[in-house]
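**Q** The structure is given below, and queries will be raised subsequently.
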Amino acid sequence: MPIERKLKAIMFTDIVNFSLIMGEDEDNTMLLLDKHNEISNKVFSKYKGKLIKQLGDGNFVEFNSSLDAVKTAKELQQQFKEYNKNVVEENQIHIRIGIHVGDVIEKNGDLFGDGVNVTSRITAFAEKGGVCITQEAYRTIQGQKDVYAISIGDYDLKNIVGNWNLYRIFDNRDEFQEWTESIHKQKRAQERKTKFYKIGFTSLTLIVLLIINVPIIKEIYIDYQNDKQLNYLYEKLSLILKEDNQLDSNDIQLIKNDDGVILSHSGSSAFPAGSTKLTDDAKIVMLKYVNIINSFDGYFEINTHTDSWVPSGSIKLKYATNAELAGIRGASIFSYLVQSGLDFNTGRVRASFWADRMPKYFGYLDKMATEEEIENANSTAELRAKNRRIDFYFHY
């Protein structure tokens, strides 16, 4: 067949965290994929979308107009929201959608060209349950009734020339206003920290504030996305600990704070006294963390802590200091996770130990504890026991 060029609206979709879901339960994931395809195909047909191909957990779809593509995207997200209300969390389906209008080449029923590549790249910038479109697509729908969109900033796309101004599509006016009001509040907080913006913008409308502060909005949007990912991580870890009846136990604690997410194991729950060999129970629990760590796009650290008191007896004969014991234990945990499938090649996995420099209740964002503070934090046997722990630290 001859090669044909044409201008088309293109949509890509993909299921959020599909690889993680597949790793947890392949059979159930395939059933969810069938349900995903059933819902998607009905909506595509309604708006005359042409399914070019299915890409594993996603779809590559062609439309005659960007308005049809946006209407399809909004209805898809609404359909999945309604579906998710009636199923347990493990069976919920959340998707991301990207839309672009560009020149494509049609050959043998398939589409090629930069237009296709751009659409594929921007899908990753949509939030869970969200829709991201390019400025080219936005221009063709600007002013349409019941379509609310806002720029989230300029982005570089891998192997694509130039900067691309991307927009977020909102479900309705209420969601749009809620989000813009949230941005406004955060922008005011930012103003107090910098001298870049002058006092007096309070009289301007929210829309004007958003337009003139796109760089700030972009930073806030990234922080917003990161916080959502940390919340999702916290929920997944909570689910694992609940299943094992260990959430907020004396041995294992999970918290989310300004530092990030910190999963803390007491030293005695992971290692026998004076030993550097993980217990079998600790291995079973830590094995469940591997897929979650691999799917997290921020930084992950293993931090081992001890006290500043060197015990007498056999332990002292084997290890010169508690810090030496803490370091070897940190290496043991890291080695076990790597052997269990931890993806170290991302460059985001770190292994470190603080020894006695981080007593309990000292945060990672605080200044390092002084010698006096460390001594006070180890003044009783109870306090020393709390200091001997392993922290799995997730952050951006």
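By convention in this document, the chains of the structure tokens carry letters A, B, ... by their order, each chain's residues are numbered from 1, and ligands are numbered from 1 in the order they are shown.
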What's the 8 Å shell around segment 263-277 of chain A, counting only C-alpha atoms, without same-chain residues fewer than 3 positions away, as a list in words?

**A**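 In the requested format, the answer is Asn250, Asp251, Ile252, Gln253, Leu254, Ile255, Asp281, Ala282, Ile315, Leu325, Ile328, Arg329, Ser332, Lys386, Arg388, Arg389, Ile390, Asp391, Phe392 and Tyr393 of chain A.
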
**Q** Rounded to one decimal place, report the atom CA of Ala385 of chain A-atom CA of Leu287 of chain A distance in Å.

**A**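 It comes out at 25.0 Å.
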
**Q** So, counting only C-alpha atoms, which residue among A:Asn84, A:Ser120, A:Asn91, A:Asn291 is closest to Leu342 of chain A?

**A**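 Of A:Asn84, A:Ser120, A:Asn91, A:Asn291, the one nearest Leu342 of chain A, counting only C-alpha atoms, is A:Asn291.
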
**Q** Could you state the separation of atom CA of Val61 of chain A and atom CA of Met11 of chain A in Å, given to one decimal place?

**A**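 Straight-line distance from atom CA of Val61 of chain A to atom CA of Met11 of chain A works out to 5.1 Å.
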
**Q** Find the residues around Glu175 of chain A up to 12 Å (only C-alpha atoms counted), leave out those fewer than 3 positions away in its own chain, and share them as a list in words.

**A** Gly130, Asp146, Val147, Tyr148, Ala149, Ile150, Arg168, Ile169, Phe170, Asp171, Asn172, Glu178, Trp179, Thr180, Glu181 and Ser182 of chain A

**Q** Could you please determine the separation between atom CA of Ile133 of chain A and atom CA of Asp156 of chain A in Å, to one decimal place?

**A**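 We find that atom CA of Ile133 of chain A and atom CA of Asp156 of chain A lie 14.3 Å from each other.
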
**Q** Applying 12 Å and only C-alpha atoms, which residues near Tyr232 of chain A remain after dropping the ones on its own chain fewer than 2 positions away? List them as number ranges by chain.

**A** A: 16-17, 89, 128, 225-230, 234-239, 256, 260-261, 292, 295-297, 394

**Q** Give me, as a Markdown table, the closest atom pair and its distance (Å, one decimal) for every residue of segment 65-137 of chain A within a cut-off of 12 Å of segment 22-34 of chain A, counting only C-alpha atoms, rows sorted by chain and rising number.

**A**
```
| residue | atom | partner | partner_atom | distance |
| --- | --- | --- | --- | --- |
| A:Phe80 | CA | A:Leu32 | CA | 11.5 |
| A:Tyr83 | CA | A:Leu32 | CA | 11.3 |
| A:Asn84 | CA | A:Leu32 | CA | 11.3 |
| A:Val87 | CA | A:Leu32 | CA | 11.2 |
| A:Glu90 | CA | A:Asn28 | CA | 9.2 |
| A:Asn91 | CA | A:Leu32 | CA | 6.9 |
| A:Gln92 | CA | A:Leu32 | CA | 8.1 |
| A:Ile93 | CA | A:Leu32 | CA | 7.3 |
| A:His94 | CA | A:Leu32 | CA | 10.7 |
| A:Ile95 | CA | A:Leu33 | CA | 11.4 |
```

**Q** I need the alpha helix (DSSP H) residues of segment 11-210 of chain A per DSSP on the backbone, written as a VMD selection string.

**A** chain A and resid 18 to 24 26 to 46 66 to 85 114 to 122 135 to 141 173 to 193 206 to 210
